[in-house]
There are 2 protein chains.
Amino acid sequence: MGRLSRILNFFSSDKEIKAQLEQVLGFTPKRVAFYRLALMHRSRPDDVTDSNERLEFLGDAFLGAIVAEYLFKKYPYEDEGYLTELRSKIVRRETMNNVALRMGLNKLVVYNTNDRSLGRSHIFGNALEALIGAVYLDQGLEVTRKFILNQLIRPYVDLDMMESTDTNFKNRLLSWAQKNNHTMSFDTLDEKLENTRKLFTVGIMLNGEIIASGTGYNKKDAGQVAAQAALEKLGLNEQK
Amino acid sequence: MGRLSRILNFFSSDKEIKAQLEQVLGFTPKRVAFYRLALMHRSRPDDVTDSNERLEFLGDAFLGAIVAEYLFKKYPYEDEGYLTELRSKIVRRETMNNVALRMGLNKLVVYNTNDRSLGRSHIFGNALEALIGAVYLDQGLEVTRKFILNQLIRPYVDLDMMESTDTNFKNRLLSWAQKNNHTMSFDTLDEKLENTRKLFTVGIMLNGEIIASGTGYNKKDAGQVAAQAALEKLGLNEQK
């Protein structure tokens, strides 16, 4: 039934597809063939010979570049490590799959709904990347940038939340310690030069004993790594 | 001495820098400040407070996207696995460092020549990525694409050689076997479904015994992985 509707969708007219795409894209597409291909998962009906994987390759690359530029300009005082980490949180498959679902892309992608093994793969996030590739080929960089920023990132990606994910490790650990009347401190155990950069090792003391340590190019990063390790060791690592 | 000339270079006039850059870039840069920053390694003189790492982040992202588009269009019949692998060979630090050296970027980058620990890092390849970032900010996507394709890839990157690196594993192994009068064959040991895709395991028989095996989404890829493993096992893995 779901399968049938999807095949019908695939065979629907350009005019119908355009109308559906317009809602998702925020503009009127020109060359519909690119978009049809972008929405074609490799578990497609057997009579279709192509799928969206090459477009996914292209779209993934421009998603990475456009998000890099966005963060580069939005955070002029953050270093490249910060930018790299924030970007990887935005472009990773889980985030994109979630964005794709919230955009309703699952209603447009053609795939085999009877194949249960697809459950764990990121069909819709991958199709979203392929869609970015289609937009780029159809419309060029400027429209692709607007599509990514205005239709994907701003409405569906909470940058503040992503930025603060890091500091949560430390905060979660400290609030757990306080709640349970433990004495906890973060101590710098080591500083050394790696090439021309200083590398710090920070240890976490729980009631006077080191329970975890972490390494990073600054104390804050090292503390975060250590805190994450400590949460894991204490069995407190599940995300809320 | 080298250090001194580099500092002088850093303090040289915009006009002088523009003339030097023009030779490398193939066009006349507008906003020289971007390029000065791109050529500033973090081992820079102490009186300079910024370095090229943020620009490297930006340039690396656009290098990846532009090379992706180039390969996507150049190889319309190759799948995304092929494109991904070829791209990673082109954009990896070793390749870019080599390109940067052949462009003479080592004469323009400002870094601490007394710091021997920098020897193994890819200062010039990283500076080249930063330069790509500067070109993008100064000139936009079109000029950046032309710069990457006409000044870097076409003159200095041998795509045919990179494409054939793969098949060399199998060829090298077979020609070694022939030369040494060994009987060698590639046999499919296993085929199974992983999600919706077939996964193949190919084994290499040397005089009737399996010496290595490899897995891939097609027999050719699996054979290559197996051949690489076999070369390593036989101590034949050095590149000629």
# chains A, B, ... in the order shown; residues from 1 in each chain; ligands from 1
$ interface_residues --of "chain B" --to "chain A" --cutoff "8 Å" --atoms "only C-alpha atoms" --output "list in words"
Ser43, Glu53, Arg54, Phe57, Leu58, Ala61, Phe62, Gly64, Ala65, Ala68, Glu69, Phe72, Asp79, Glu80, Leu83, Thr84, Ser117, Leu118, Leu141, Asn195 and Thr196 of chain B
$ write_last_selection --atoms "N, CA and C atoms" --output "tab-separated table (two decimals), in the first residue's frame"
chain	number	residue	atom	x	y	z
B	43	SER	N	53.39	28.69	13.47
B	43	SER	CA	54.72	28.89	14.05
B	43	SER	C	55.31	30.24	13.64
B	53	GLU	N	44.77	28.82	10.19
B	53	GLU	CA	44.02	27.59	10.42
B	53	GLU	C	42.52	27.69	10.15
B	54	ARG	N	41.94	28.84	10.45
B	54	ARG	CA	40.51	29.00	10.13
B	54	ARG	C	40.29	29.02	8.61
B	57	PHE	N	40.37	25.54	7.28
B	57	PHE	CA	39.07	24.87	7.49
B	57	PHE	C	38.11	25.19	6.34
B	58	LEU	N	38.03	26.47	6.01
B	58	LEU	CA	37.14	26.90	4.93
B	58	LEU	C	37.60	26.37	3.57
B	61	ALA	N	37.06	22.65	2.91
B	61	ALA	CA	35.67	22.32	2.62
B	61	ALA	C	35.34	22.60	1.16
B	62	PHE	N	35.80	23.74	0.64
B	62	PHE	CA	35.50	24.04	-0.77
B	62	PHE	C	36.35	23.21	-1.73
B	64	GLY	N	37.07	20.13	-1.20
B	64	GLY	CA	36.32	18.87	-1.23
B	64	GLY	C	35.10	18.95	-2.13
B	65	ALA	N	34.38	20.06	-2.05
B	65	ALA	CA	33.15	20.22	-2.84
B	65	ALA	C	33.47	20.37	-4.32
B	68	ALA	N	34.65	17.16	-5.75
B	68	ALA	CA	33.49	16.26	-5.86
B	68	ALA	C	32.71	16.57	-7.14
B	69	GLU	N	32.44	17.84	-7.39
B	69	GLU	CA	31.69	18.22	-8.59
B	69	GLU	C	32.46	17.87	-9.86
B	72	PHE	N	32.26	14.11	-10.28
B	72	PHE	CA	30.86	13.77	-10.58
B	72	PHE	C	30.59	13.97	-12.07
B	79	ASP	N	30.26	4.79	-9.85
B	79	ASP	CA	29.38	4.91	-8.68
B	79	ASP	C	30.03	5.77	-7.59
B	80	GLU	N	29.22	6.04	-6.54
B	80	GLU	CA	29.67	6.97	-5.51
B	80	GLU	C	30.86	6.45	-4.72
B	83	LEU	N	33.87	7.44	-6.77
B	83	LEU	CA	34.09	8.89	-6.69
B	83	LEU	C	34.66	9.28	-5.32
B	84	THR	N	34.11	8.68	-4.27
B	84	THR	CA	34.56	8.99	-2.91
B	84	THR	C	36.04	8.64	-2.74
B	117	SER	N	60.63	20.30	14.49
B	117	SER	CA	59.51	19.39	14.72
B	117	SER	C	58.43	19.56	13.64
B	118	LEU	N	58.54	20.63	12.85
B	118	LEU	CA	57.54	20.86	11.81
B	118	LEU	C	57.76	19.98	10.58
B	141	LEU	N	32.97	31.49	-5.85
B	141	LEU	CA	33.09	30.09	-6.25
B	141	LEU	C	33.71	29.89	-7.63
B	195	ASN	N	22.00	-5.48	4.54
B	195	ASN	CA	20.84	-4.66	4.18
B	195	ASN	C	20.35	-5.11	2.81
B	196	THR	N	20.28	-4.20	1.84
B	196	THR	CA	19.78	-4.62	0.53
B	196	THR	C	20.90	-4.91	-0.45
$ calpha_fit_and_write --fixed "chain A" --moving "chain B" --output "tab-separated table (two decimals) with C-alpha atoms, in the first residue's frame"
chain	number	residue	atom	x	y	z
B	1	MET	CA	-0.06	0.10	-0.08
B	2	GLY	CA	2.75	2.45	0.95
B	3	ARG	CA	4.80	0.95	-1.83
B	4	LEU	CA	2.01	1.43	-4.33
B	5	SER	CA	1.52	5.07	-3.45
B	6	ARG	CA	5.21	5.63	-3.81
B	7	ILE	CA	5.33	4.07	-7.23
B	8	LEU	CA	2.36	6.17	-8.26
B	9	ASN	CA	4.19	9.13	-6.89
B	10	PHE	CA	7.19	8.23	-9.00
B	11	PHE	CA	5.05	8.04	-12.09
B	12	SER	CA	3.15	11.21	-11.31
B	13	SER	CA	3.47	14.14	-13.70
B	14	ASP	CA	6.17	16.77	-13.61
B	15	LYS	CA	3.55	19.29	-12.61
B	16	GLU	CA	2.48	17.29	-9.56
B	17	ILE	CA	6.08	16.64	-8.53
B	18	LYS	CA	6.96	20.29	-8.92
B	19	ALA	CA	4.11	21.29	-6.63
B	20	GLN	CA	5.26	18.82	-3.96
B	21	LEU	CA	8.89	19.85	-4.30
B	22	GLU	CA	8.10	23.53	-4.08
B	23	GLN	CA	6.81	23.08	-0.55
B	24	VAL	CA	10.01	21.37	0.53
B	25	LEU	CA	12.46	23.51	-1.42
B	26	GLY	CA	11.01	26.98	-1.03
B	27	PHE	CA	11.46	27.70	-4.76
B	28	THR	CA	10.23	26.31	-8.08
B	29	PRO	CA	12.61	23.70	-9.49
B	30	LYS	CA	13.53	23.82	-13.16
B	31	ARG	CA	14.92	20.46	-14.17
B	32	VAL	CA	12.67	17.95	-12.42
B	33	ALA	CA	14.69	14.92	-13.54
B	34	PHE	CA	17.45	15.76	-11.05
B	35	TYR	CA	14.95	15.80	-8.20
B	36	ARG	CA	13.25	12.59	-9.25
B	37	LEU	CA	16.65	10.94	-9.15
B	38	ALA	CA	17.47	12.49	-5.76
B	39	LEU	CA	14.35	10.88	-4.29
B	40	MET	CA	15.13	7.42	-5.69
B	41	HIS	CA	16.58	5.10	-3.06
B	42	ARG	CA	18.57	2.12	-4.29
B	43	SER	CA	15.82	-0.21	-3.01
B	44	ARG	CA	13.67	1.36	-5.77
B	45	PRO	CA	11.32	-0.65	-8.00
B	46	ASP	CA	13.20	-3.02	-10.30
B	47	ASP	CA	12.19	-1.23	-13.46
B	48	VAL	CA	14.16	1.86	-12.44
B	49	THR	CA	17.85	1.53	-13.15
B	50	ASP	CA	19.34	4.51	-11.40
B	51	SER	CA	19.45	5.73	-7.80
B	52	ASN	CA	20.38	8.77	-5.75
B	53	GLU	CA	23.81	7.75	-4.50
B	54	ARG	CA	25.92	9.81	-6.90
B	55	LEU	CA	23.81	12.88	-6.15
B	56	GLU	CA	24.23	12.15	-2.45
B	57	PHE	CA	28.02	12.25	-2.94
B	58	LEU	CA	27.74	15.66	-4.61
B	59	GLY	CA	25.20	17.07	-2.14
B	60	ASP	CA	27.12	15.88	0.89
B	61	ALA	CA	30.19	17.77	-0.36
B	62	PHE	CA	28.32	21.04	-0.87
B	63	LEU	CA	26.46	20.67	2.41
B	64	GLY	CA	29.85	20.41	4.12
B	65	ALA	CA	31.22	23.45	2.32
B	66	ILE	CA	28.19	25.66	2.84
B	67	VAL	CA	27.91	24.80	6.53
B	68	ALA	CA	31.66	25.44	6.88
B	69	GLU	CA	31.24	28.91	5.37
B	70	TYR	CA	28.20	29.63	7.52
B	71	LEU	CA	30.03	28.72	10.75
B	72	PHE	CA	33.23	30.48	9.63
B	73	LYS	CA	31.28	33.73	9.30
B	74	LYS	CA	28.93	33.25	12.25
B	75	TYR	CA	31.74	32.50	14.73
B	76	PRO	CA	34.62	34.82	13.81
B	77	TYR	CA	36.44	34.25	17.10
B	78	GLU	CA	36.23	30.48	17.39
B	79	ASP	CA	39.15	28.35	16.31
B	80	GLU	CA	39.12	25.70	13.60
B	81	GLY	CA	38.78	22.87	16.11
B	82	TYR	CA	35.55	24.35	17.37
B	83	LEU	CA	34.23	24.94	13.84
B	84	THR	CA	35.16	21.42	12.73
B	85	GLU	CA	33.38	19.83	15.66
B	86	LEU	CA	30.24	21.92	15.35
B	87	ARG	CA	30.08	21.24	11.63
B	88	SER	CA	30.41	17.51	12.11
B	89	LYS	CA	27.48	17.59	14.54
B	90	ILE	CA	25.35	19.41	12.00
B	91	VAL	CA	26.14	17.36	8.89
B	92	ARG	CA	26.24	13.92	10.46
B	93	ARG	CA	23.72	11.38	9.23
B	94	GLU	CA	21.63	11.32	12.40
B	95	THR	CA	21.06	15.07	12.27
B	96	MET	CA	20.29	15.10	8.54
B	97	ASN	CA	17.96	12.12	8.83
B	98	ASN	CA	16.07	13.92	11.57
B	99	VAL	CA	15.85	17.11	9.49
B	100	ALA	CA	14.62	15.10	6.49
B	101	LEU	CA	11.87	13.50	8.57
B	102	ARG	CA	10.75	16.83	9.96
B	103	MET	CA	10.63	18.23	6.41
B	104	GLY	CA	8.38	15.35	5.40
B	105	LEU	CA	10.87	13.94	2.91
B	106	ASN	CA	9.81	10.42	3.92
B	107	LYS	CA	6.60	11.05	1.97
B	108	LEU	CA	8.54	11.80	-1.22
B	109	VAL	CA	11.36	9.24	-1.24
B	110	VAL	CA	10.80	6.18	-3.41
B	111	TYR	CA	12.00	3.06	-1.62
B	112	ASN	CA	10.97	-0.48	-0.88
B	113	THR	CA	8.78	-0.18	2.20
B	114	ASN	CA	8.67	-3.97	2.51
B	115	ASP	CA	12.39	-4.18	3.16
B	116	ARG	CA	12.71	-4.16	6.93
B	117	SER	CA	16.49	-4.23	6.83
B	118	LEU	CA	16.38	-0.58	5.76
B	119	GLY	CA	15.12	0.46	9.19
B	120	ARG	CA	18.47	1.35	10.60
B	121	SER	CA	19.89	3.07	7.55
B	122	HIS	CA	19.50	6.80	7.02
B	123	ILE	CA	17.44	6.69	3.84
B	124	PHE	CA	15.86	10.11	4.31
B	125	GLY	CA	18.98	11.93	5.44
B	126	ASN	CA	20.81	10.46	2.46
B	127	ALA	CA	17.96	11.52	0.16
B	128	LEU	CA	18.18	15.01	1.64
B	129	GLU	CA	21.86	15.15	0.73
B	130	ALA	CA	20.98	13.95	-2.77
B	131	LEU	CA	18.33	16.67	-2.93
B	132	ILE	CA	21.03	19.23	-2.08
B	133	GLY	CA	23.03	17.83	-5.03
B	134	ALA	CA	19.99	18.21	-7.29
B	135	VAL	CA	19.43	21.80	-6.13
B	136	TYR	CA	23.08	22.59	-6.83
B	137	LEU	CA	22.96	21.16	-10.37
B	138	ASP	CA	19.61	22.81	-11.08
B	139	GLN	CA	20.17	26.20	-9.47
B	140	GLY	CA	23.82	26.80	-8.56
B	141	LEU	CA	25.55	27.75	-5.32
B	142	GLU	CA	23.47	30.75	-4.21
B	143	VAL	CA	20.12	28.98	-4.23
B	144	THR	CA	21.73	25.91	-2.66
B	145	ARG	CA	23.09	28.05	0.17
B	146	LYS	CA	19.69	29.63	0.77
B	147	PHE	CA	18.02	26.21	0.67
B	148	ILE	CA	20.43	24.77	3.23
B	149	LEU	CA	20.35	27.75	5.58
B	150	ASN	CA	16.70	28.75	5.30
B	151	GLN	CA	14.98	25.41	4.80
B	152	LEU	CA	17.20	23.04	6.78
B	153	ILE	CA	19.51	24.63	9.33
B	154	ARG	CA	17.56	27.57	10.69
B	155	PRO	CA	14.20	25.80	11.09
B	156	TYR	CA	15.39	22.38	12.21
B	157	VAL	CA	18.92	22.50	13.65
B	158	ASP	CA	19.36	23.95	17.14
B	159	LEU	CA	22.88	25.37	17.03
B	160	ASP	CA	22.78	26.57	20.64
B	161	MET	CA	21.90	23.10	21.80
B	162	MET	CA	24.67	21.61	19.67
B	163	GLU	CA	27.20	24.13	20.95
B	164	SER	CA	26.34	23.38	24.54
B	165	THR	CA	26.48	19.61	24.19
B	166	ASP	CA	30.16	19.79	25.02
B	167	THR	CA	30.03	21.74	28.22
B	168	ASN	CA	27.21	19.54	29.39
B	169	PHE	CA	29.66	16.73	30.15
B	170	LYS	CA	31.40	18.78	32.79
B	171	ASN	CA	28.22	20.32	34.13
B	172	ARG	CA	26.41	17.01	34.31
B	173	LEU	CA	29.31	15.44	36.14
B	174	LEU	CA	29.64	18.27	38.63
B	175	SER	CA	25.92	18.44	39.37
B	176	TRP	CA	25.87	14.66	39.91
B	177	ALA	CA	28.78	14.98	42.37
B	178	GLN	CA	27.08	17.79	44.24
B	179	LYS	CA	23.76	15.99	44.45
B	180	ASN	CA	25.47	12.89	45.86
B	181	ASN	CA	27.78	14.72	48.25
B	182	HIS	CA	30.97	13.71	46.48
B	183	THR	CA	34.09	15.85	46.40
B	184	MET	CA	35.14	16.39	42.81
B	185	SER	CA	37.92	18.39	41.22
B	186	PHE	CA	39.56	18.84	37.81
B	187	ASP	CA	43.36	18.85	37.99
B	188	THR	CA	45.94	19.40	35.29
B	189	LEU	CA	48.10	16.30	35.39
B	190	ASP	CA	50.44	17.06	32.52
B	191	GLU	CA	51.47	19.71	30.01
B	192	LYS	CA	53.73	18.86	27.13
B	193	LEU	CA	54.71	20.09	23.68
B	194	GLU	CA	53.41	18.21	20.67
B	195	ASN	CA	55.11	19.77	17.67
B	196	THR	CA	54.64	23.47	18.41
B	197	ARG	CA	51.46	23.08	20.41
B	198	LYS	CA	50.89	22.50	24.06
B	199	LEU	CA	48.99	19.36	24.94
B	200	PHE	CA	47.19	19.20	28.29
B	201	THR	CA	46.09	16.21	30.31
B	202	VAL	CA	43.36	16.87	32.83
B	203	GLY	CA	42.37	14.35	35.48
B	204	ILE	CA	39.15	14.12	37.43
B	205	MET	CA	39.46	13.43	41.14
B	206	LEU	CA	36.47	11.87	42.87
B	207	ASN	CA	36.86	11.83	46.65
B	208	GLY	CA	40.61	12.10	46.24
B	209	GLU	CA	41.08	9.43	43.58
B	210	ILE	CA	41.63	9.89	39.87
B	211	ILE	CA	38.72	8.24	38.07
B	212	ALA	CA	39.32	9.50	34.54
B	213	SER	CA	41.56	11.72	32.47
B	214	GLY	CA	41.46	13.45	29.11
B	215	THR	CA	43.83	15.16	26.72
B	216	GLY	CA	43.38	18.26	24.56
B	217	TYR	CA	45.04	21.36	23.16
B	218	ASN	CA	43.61	23.45	25.94
B	219	LYS	CA	42.49	22.73	29.48
B	220	LYS	CA	38.83	23.22	28.67
B	221	ASP	CA	38.85	20.61	25.92
B	222	ALA	CA	40.91	18.20	28.00
B	223	GLY	CA	38.44	18.66	30.86
B	224	GLN	CA	35.53	17.85	28.58
B	225	VAL	CA	37.13	14.67	27.31
B	226	ALA	CA	37.89	13.66	30.89
B	227	ALA	CA	34.34	14.47	32.01
B	228	GLN	CA	32.88	12.38	29.22
B	229	ALA	CA	35.11	9.46	30.19
B	230	ALA	CA	34.13	9.88	33.84
B	231	LEU	CA	30.41	9.91	33.02
B	232	GLU	CA	30.86	6.72	31.06
B	233	LYS	CA	32.83	5.09	33.89
B	234	LEU	CA	30.16	6.06	36.41
B	235	GLY	CA	27.38	4.78	34.16
B	236	LEU	CA	25.94	8.29	33.79
B	237	ASN	CA	26.51	8.69	30.08
B	238	GLU	CA	22.96	8.41	28.77
B	239	GLN	CA	21.74	11.59	27.08
B	240	LYS	CA	18.75	13.25	28.71
$ select_by_dssp --residues "segment 145-213 of chain B" --states "helix (DSSP H, G or I)" --output "PyMOL selection string"
chain B and resi 145-156+159-179
$ write_last_selection --atoms "C-alpha atoms" --output "JSON list (two decimals), in the first residue's frame"
[["chain", "number", "residue", "atom", "x", "y", "z"],
["B", 145, "ARG", "CA", 36.89, 26.41, -9.13],
["B", 146, "LYS", "CA", 39.13, 27.64, -11.93],
["B", 147, "PHE", "CA", 42.04, 28.05, -9.51],
["B", 148, "ILE", "CA", 41.65, 24.50, -8.18],
["B", 149, "LEU", "CA", 41.17, 22.85, -11.56],
["B", 150, "ASN", "CA", 43.58, 24.89, -13.67],
["B", 151, "GLN", "CA", 46.34, 25.69, -11.20],
["B", 152, "LEU", "CA", 46.33, 22.63, -8.95],
["B", 153, "ILE", "CA", 44.61, 19.53, -10.30],
["B", 154, "ARG", "CA", 45.33, 19.60, -14.03],
["B", 155, "PRO", "CA", 49.02, 20.56, -13.81],
["B", 156, "TYR", "CA", 50.02, 18.58, -10.73],
["B", 159, "LEU", "CA", 44.25, 11.31, -12.17],
["B", 160, "ASP", "CA", 45.06, 8.33, -14.40],
["B", 161, "MET", "CA", 47.78, 7.27, -12.03],
["B", 162, "MET", "CA", 45.47, 7.69, -9.05],
["B", 163, "GLU", "CA", 42.70, 5.73, -10.75],
["B", 164, "SER", "CA", 45.01, 2.87, -11.54],
["B", 165, "THR", "CA", 46.52, 2.62, -8.07],
["B", 166, "ASP", "CA", 43.73, 0.24, -7.16],
["B", 167, "THR", "CA", 44.07, -2.28, -9.92],
["B", 168, "ASN", "CA", 47.79, -2.30, -9.39],
["B", 169, "PHE", "CA", 47.36, -4.45, -6.27],
["B", 170, "LYS", "CA", 45.93, -7.30, -8.27],
["B", 171, "ASN", "CA", 48.28, -6.83, -11.19],
["B", 172, "ARG", "CA", 51.35, -6.59, -9.00],
["B", 173, "LEU", "CA", 50.36, -9.72, -7.15],
["B", 174, "LEU", "CA", 49.66, -11.71, -10.31],
["B", 175, "SER", "CA", 52.87, -10.65, -12.03],
["B", 176, "TRP", "CA", 54.85, -11.58, -8.90],
["B", 177, "ALA", "CA", 53.20, -15.03, -8.90],
["B", 178, "GLN", "CA", 53.95, -15.55, -12.57],
["B", 179, "LYS", "CA", 57.56, -14.45, -12.25]]
$ select_by_dssp --residues "segment 79-212 of chain A" --states "strand (DSSP E)" --output "MDAnalysis selection string"
chainID A and resid 184:194 197:206 209:212
